[in-house]
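Below: one structure, written as structure tokens.
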Amino acid sequence: MTDSHAHLEFPGFDRDRRAVLERARAAGVHRVMTMGTLDGEGSLERTAALMEEVHPGGRDHDYPGMPQLWTTVGCHPHDARHFEALGGEAALREGADRPRLLAIGEIGLDYHYDMSPRPVQRDVFRRQIRVARELGLPVVVHLREAGEDFLRIADEEGLAEIGAVMHCFTGAPDLAEAALERGFLLSFSGILTFRNAPEVRASASLAPLSRLLVETDSPFLAPVPHRGRRAEPAMVVNTARRLAGIQRVSEAELEAATDRTFERFFLARREEGAAGGRSGPPPVR
């Protein structure tokens, strides 16, 4: 299985990070994408240190008890107000030059907390999409209560041509349909298992199996039956189990499908770029 979105650099994992990774592999999770966040608080540096520890020199490893790790770089909408001070586009380009990097993210809009002014969020989102286009990388999107503005910006900036994953998707079915029409992937977290999330499950039922990913967003949003605890990548199996039921497929089919989608959307594109091929997201159908 693949946990397509986690935050393993968070200090809450400092005491047992290696054990967390070992538990993930024991649960069948062989791949985790952990975010590299440009926030001025050391998140990007901690992610880089973790990647070097697990993958010296960026190489794959052969530790049977550890998953493979991949990463991203992006300025979260909460930190958009600091984007200039953090180095702006130049910092993104520098971060994107790190080994095992697959995407620009997580970036987007968050009108729930409004930790950065909305006009600033929109501007920084656009600018990061443009860097993604320049570098030939897909985008991992954070979106909360800003669907209309997101779709407008996505269309104006040609995000469908770049490729995007809607991380921790919690939108209504109409937003899911709009995202799917643009070719985006939907990634579901532990929220899918919550009793009070019928709308999220309705959205999950709309997507073709080949356009789905699963994630934990560790350390947040632990799925049932772990709700209230610190989430960790091993728990992605609980979300996958619920998503398999919604899709009316076996757990093995769901796991294989989400693995293939991650490989086509992220890893195949990375290999294409390394070979000097045409940029642009590989087709996901």
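We name chains A, B, ... following the order of the structure tokens; residues begin at 1 in each chain, and ligands are numbered from 1 as shown.
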Residues within 8 Å of range 119-125 of chain A, please, as a ChimeraX atom specification. Count only C-alpha atoms; anything in the same chain fewer than 4 positions from it doesn't count. /A:77,80-81,83,107-110,129,153
Which neighbours of Gly95 in chain A fall inside 12 Å, counting only C-alpha atoms, when residues of the same chain fewer than 4 positions from it are skipped, and could you give them as a VMD selection string? chain A and resid 35 to 38 43 to 45 47 to 48 71 to 75 86 to 91 99 to 105 131 to 132 135
List the neighbours of Gly228 in chain A out to 12 Å using only C-alpha atoms; skip same-chain residues closer than 3 positions along the sequence, and give me the result as a list in words.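 In the requested format, the answer is Gly190, Ile191, Phe194, Pro219, Phe220, Leu221, Ala222, Pro223, Val224, Pro225 and Ala231 of chain A.
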Keeping all heavy atoms, export the residues of the selection given above as a short mmCIF file (atom, residue, chain, number, x, y, z; two decimals), in the first residue's frame.
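What landed in part_32.cif:
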data_model
loop_
_atom_site.label_atom_id
_atom_site.label_comp_id
_atom_site.auth_asym_id
_atom_site.auth_seq_id
_atom_site.Cartn_x
_atom_site.Cartn_y
_atom_site.Cartn_z
N GLY A 190 -8.50 9.62 6.82
CA GLY A 190 -9.31 8.98 7.83
C GLY A 190 -10.69 9.59 8.00
O GLY A 190 -11.60 8.94 8.55
N ILE A 191 -10.88 10.81 7.54
CA ILE A 191 -12.20 11.45 7.61
C ILE A 191 -13.26 10.57 6.93
O ILE A 191 -14.42 10.55 7.33
CB ILE A 191 -12.17 12.86 6.98
CG1 ILE A 191 -11.33 13.79 7.86
CG2 ILE A 191 -13.57 13.42 6.79
CD1 ILE A 191 -11.13 15.18 7.27
N PHE A 194 -15.23 8.58 9.35
CA PHE A 194 -15.94 9.23 10.45
C PHE A 194 -17.45 9.12 10.26
O PHE A 194 -17.96 9.24 9.14
CB PHE A 194 -15.56 10.71 10.55
CG PHE A 194 -14.13 10.98 10.92
CD1 PHE A 194 -13.67 12.30 11.01
CD2 PHE A 194 -13.22 9.97 11.18
CE1 PHE A 194 -12.36 12.58 11.35
CE2 PHE A 194 -11.90 10.24 11.52
CZ PHE A 194 -11.47 11.55 11.60
N PRO A 219 0.34 13.55 11.40
CA PRO A 219 -0.25 12.88 12.58
C PRO A 219 -1.72 13.21 12.82
O PRO A 219 -2.23 12.96 13.91
CB PRO A 219 0.60 13.45 13.71
CG PRO A 219 0.88 14.86 13.28
CD PRO A 219 1.07 14.78 11.78
N PHE A 220 -2.39 13.77 11.81
CA PHE A 220 -3.78 14.21 11.97
C PHE A 220 -4.76 13.13 11.51
O PHE A 220 -4.43 12.23 10.76
CB PHE A 220 -4.03 15.48 11.16
CG PHE A 220 -3.00 16.56 11.38
CD1 PHE A 220 -2.09 16.89 10.39
CD2 PHE A 220 -2.93 17.23 12.59
CE1 PHE A 220 -1.14 17.88 10.59
CE2 PHE A 220 -1.98 18.22 12.81
CZ PHE A 220 -1.08 18.54 11.80
N LEU A 221 -6.01 13.26 11.95
CA LEU A 221 -7.17 12.59 11.35
C LEU A 221 -7.09 11.07 11.36
O LEU A 221 -7.38 10.41 10.37
CB LEU A 221 -7.36 13.08 9.89
CG LEU A 221 -7.46 14.61 9.72
CD1 LEU A 221 -7.46 14.97 8.25
CD2 LEU A 221 -8.70 15.14 10.41
N ALA A 222 -6.70 10.51 12.48
CA ALA A 222 -6.64 9.05 12.58
C ALA A 222 -8.00 8.45 12.27
O ALA A 222 -9.03 8.92 12.76
CB ALA A 222 -6.18 8.63 13.97
N PRO A 223 -8.05 7.40 11.46
CA PRO A 223 -9.33 6.80 11.09
C PRO A 223 -9.91 5.97 12.23
O PRO A 223 -9.20 5.56 13.15
CB PRO A 223 -8.95 5.90 9.90
CG PRO A 223 -7.52 5.53 10.17
CD PRO A 223 -6.90 6.74 10.81
N VAL A 224 -11.20 5.73 12.13
CA VAL A 224 -11.85 4.75 13.01
C VAL A 224 -11.19 3.39 12.74
O VAL A 224 -10.97 3.04 11.57
CB VAL A 224 -13.36 4.70 12.70
CG1 VAL A 224 -14.04 3.61 13.50
CG2 VAL A 224 -13.99 6.06 12.95
N PRO A 225 -10.79 2.61 13.72
CA PRO A 225 -11.11 2.70 15.15
C PRO A 225 -10.05 3.42 15.98
O PRO A 225 -10.03 3.26 17.20
CB PRO A 225 -11.19 1.23 15.54
CG PRO A 225 -10.11 0.59 14.71
CD PRO A 225 -10.14 1.32 13.39
N ALA A 231 -2.31 9.90 14.35
CA ALA A 231 -2.33 9.07 13.15
C ALA A 231 -0.90 8.75 12.73
O ALA A 231 0.02 9.54 12.93
CB ALA A 231 -3.05 9.79 12.02
#
Compile the contact shell of Ala234 in chain A as an mmCIF file with C-alpha atoms, in the first residue's frame: residues with an atom at most 9 Å away, counting only C-alpha atoms, same-chain residues fewer than 4 positions apart removed.
data_model
loop_
_atom_site.group_PDB
_atom_site.id
_atom_site.type_symbol
_atom_site.label_atom_id
_atom_site.label_comp_id
_atom_site.auth_asym_id
_atom_site.auth_seq_id
_atom_site.Cartn_x
_atom_site.Cartn_y
_atom_site.Cartn_z
ATOM 1 C CA ASP A 3 0.240 6.376 2.128
ATOM 2 C CA VAL A 20 6.411 4.321 13.232
ATOM 3 C CA LEU A 21 8.020 3.430 9.910
ATOM 4 C CA GLU A 22 8.541 -0.163 10.983
ATOM 5 C CA ARG A 23 4.880 -0.447 12.008
ATOM 6 C CA ALA A 24 3.879 0.931 8.634
ATOM 7 C CA ARG A 25 5.861 -1.707 6.763
ATOM 8 C CA ALA A 26 4.543 -4.451 9.036
ATOM 9 C CA ALA A 27 0.995 -3.308 8.147
ATOM 10 C CA GLY A 28 1.771 -3.637 4.434
ATOM 11 C CA VAL A 29 2.580 0.019 3.693
ATOM 12 C CA THR A 216 -3.295 9.383 6.582
ATOM 13 C CA ASN A 238 -8.291 1.350 7.767
#
Within 9 Å of Arg270 in chain A, counting only C-alpha atoms, which residues show up once you throw out same-chain ones fewer than 2 positions away? Write them as a list in words, please.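 The residues that qualify are Arg100, Leu101, Leu102, Leu137, Phe265, Phe266, Leu267, Ala268, Glu272, Gly273, Ala274 and Ala275 of chain A.
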Go ahead and dump the residues you just picked, all heavy atoms, as a short mmCIF file (atom, residue, chain, number, x, y, z; two decimals), in the first residue's frame.
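Listed below is the output, result-v5.cif:
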data_model
loop_
_atom_site.label_atom_id
_atom_site.label_comp_id
_atom_site.auth_asym_id
_atom_site.auth_seq_id
_atom_site.Cartn_x
_atom_site.Cartn_y
_atom_site.Cartn_z
N ARG A 100 14.45 12.53 -4.55
CA ARG A 100 13.21 11.83 -4.23
C ARG A 100 12.02 12.76 -4.11
O ARG A 100 11.03 12.47 -3.43
CB ARG A 100 13.38 10.97 -2.97
CG ARG A 100 14.57 10.02 -3.05
CD ARG A 100 14.64 9.08 -1.88
NE ARG A 100 13.56 8.10 -1.90
CZ ARG A 100 13.56 6.99 -2.65
NH1 ARG A 100 14.57 6.72 -3.46
NH2 ARG A 100 12.53 6.14 -2.60
N LEU A 101 12.08 13.90 -4.80
CA LEU A 101 10.97 14.85 -4.78
C LEU A 101 10.03 14.56 -5.96
O LEU A 101 10.48 14.37 -7.07
CB LEU A 101 11.48 16.28 -4.84
CG LEU A 101 10.35 17.31 -4.71
CD1 LEU A 101 10.69 18.35 -3.65
CD2 LEU A 101 10.06 17.97 -6.04
N LEU A 102 8.72 14.56 -5.68
CA LEU A 102 7.74 14.17 -6.69
C LEU A 102 6.75 15.26 -7.07
O LEU A 102 6.08 15.13 -8.09
CB LEU A 102 6.94 12.95 -6.19
CG LEU A 102 7.71 11.66 -5.96
CD1 LEU A 102 6.77 10.58 -5.44
CD2 LEU A 102 8.42 11.20 -7.22
N LEU A 137 6.31 19.47 -12.69
CA LEU A 137 5.89 18.68 -11.54
C LEU A 137 4.38 18.80 -11.32
O LEU A 137 3.81 19.88 -11.53
CB LEU A 137 6.61 19.16 -10.27
CG LEU A 137 8.11 18.89 -10.21
CD1 LEU A 137 8.72 19.64 -9.04
CD2 LEU A 137 8.39 17.40 -10.09
N PHE A 265 1.03 8.44 -11.76
CA PHE A 265 0.90 9.89 -11.65
C PHE A 265 2.19 10.55 -11.16
O PHE A 265 2.55 11.64 -11.62
CB PHE A 265 -0.25 10.24 -10.70
CG PHE A 265 -0.63 11.69 -10.76
CD1 PHE A 265 -1.41 12.18 -11.79
CD2 PHE A 265 -0.21 12.57 -9.77
CE1 PHE A 265 -1.76 13.52 -11.85
CE2 PHE A 265 -0.56 13.92 -9.82
CZ PHE A 265 -1.35 14.39 -10.86
N PHE A 266 2.89 9.92 -10.23
CA PHE A 266 4.09 10.52 -9.65
C PHE A 266 5.38 9.88 -10.16
O PHE A 266 6.25 10.57 -10.69
CB PHE A 266 4.05 10.43 -8.13
CG PHE A 266 3.03 11.31 -7.48
CD1 PHE A 266 1.93 10.78 -6.84
CD2 PHE A 266 3.17 12.70 -7.50
CE1 PHE A 266 0.98 11.59 -6.22
CE2 PHE A 266 2.23 13.52 -6.90
CZ PHE A 266 1.14 12.97 -6.26
N LEU A 267 5.52 8.58 -10.00
CA LEU A 267 6.81 7.95 -10.28
C LEU A 267 7.11 7.90 -11.77
O LEU A 267 8.26 8.13 -12.18
CB LEU A 267 6.84 6.56 -9.67
CG LEU A 267 6.70 6.50 -8.15
CD1 LEU A 267 6.80 5.06 -7.65
CD2 LEU A 267 7.73 7.38 -7.46
N ALA A 268 6.12 7.60 -12.60
CA ALA A 268 6.37 7.56 -14.04
C ALA A 268 6.76 8.94 -14.55
O ALA A 268 7.63 9.07 -15.42
CB ALA A 268 5.13 7.05 -14.78
N GLU A 272 10.20 10.01 -16.39
CA GLU A 272 10.14 10.70 -17.67
C GLU A 272 10.98 11.97 -17.64
O GLU A 272 11.73 12.26 -18.57
CB GLU A 272 8.68 11.05 -17.98
CG GLU A 272 8.48 11.78 -19.30
CD GLU A 272 7.03 12.16 -19.50
OE1 GLU A 272 6.61 13.20 -18.95
OE2 GLU A 272 6.30 11.42 -20.17
N GLY A 273 10.88 12.72 -16.53
CA GLY A 273 11.68 13.92 -16.40
C GLY A 273 13.16 13.63 -16.34
O GLY A 273 13.97 14.33 -16.94
N ALA A 274 13.53 12.58 -15.63
CA ALA A 274 14.94 12.22 -15.51
C ALA A 274 15.51 11.82 -16.87
O ALA A 274 16.70 12.01 -17.14
CB ALA A 274 15.10 11.08 -14.52
N ALA A 275 14.66 11.28 -17.72
CA ALA A 275 15.11 10.85 -19.04
C ALA A 275 15.08 11.99 -20.05
O ALA A 275 15.43 11.80 -21.22
CB ALA A 275 14.23 9.70 -19.53
#
Residue nearest Ala6 in chain A among A:Ala172, A:Leu254, A:Ile162, A:Met235 (counting only C-alpha atoms):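 Answer, going by the shortest atom-to-atom distance: A:Met235.
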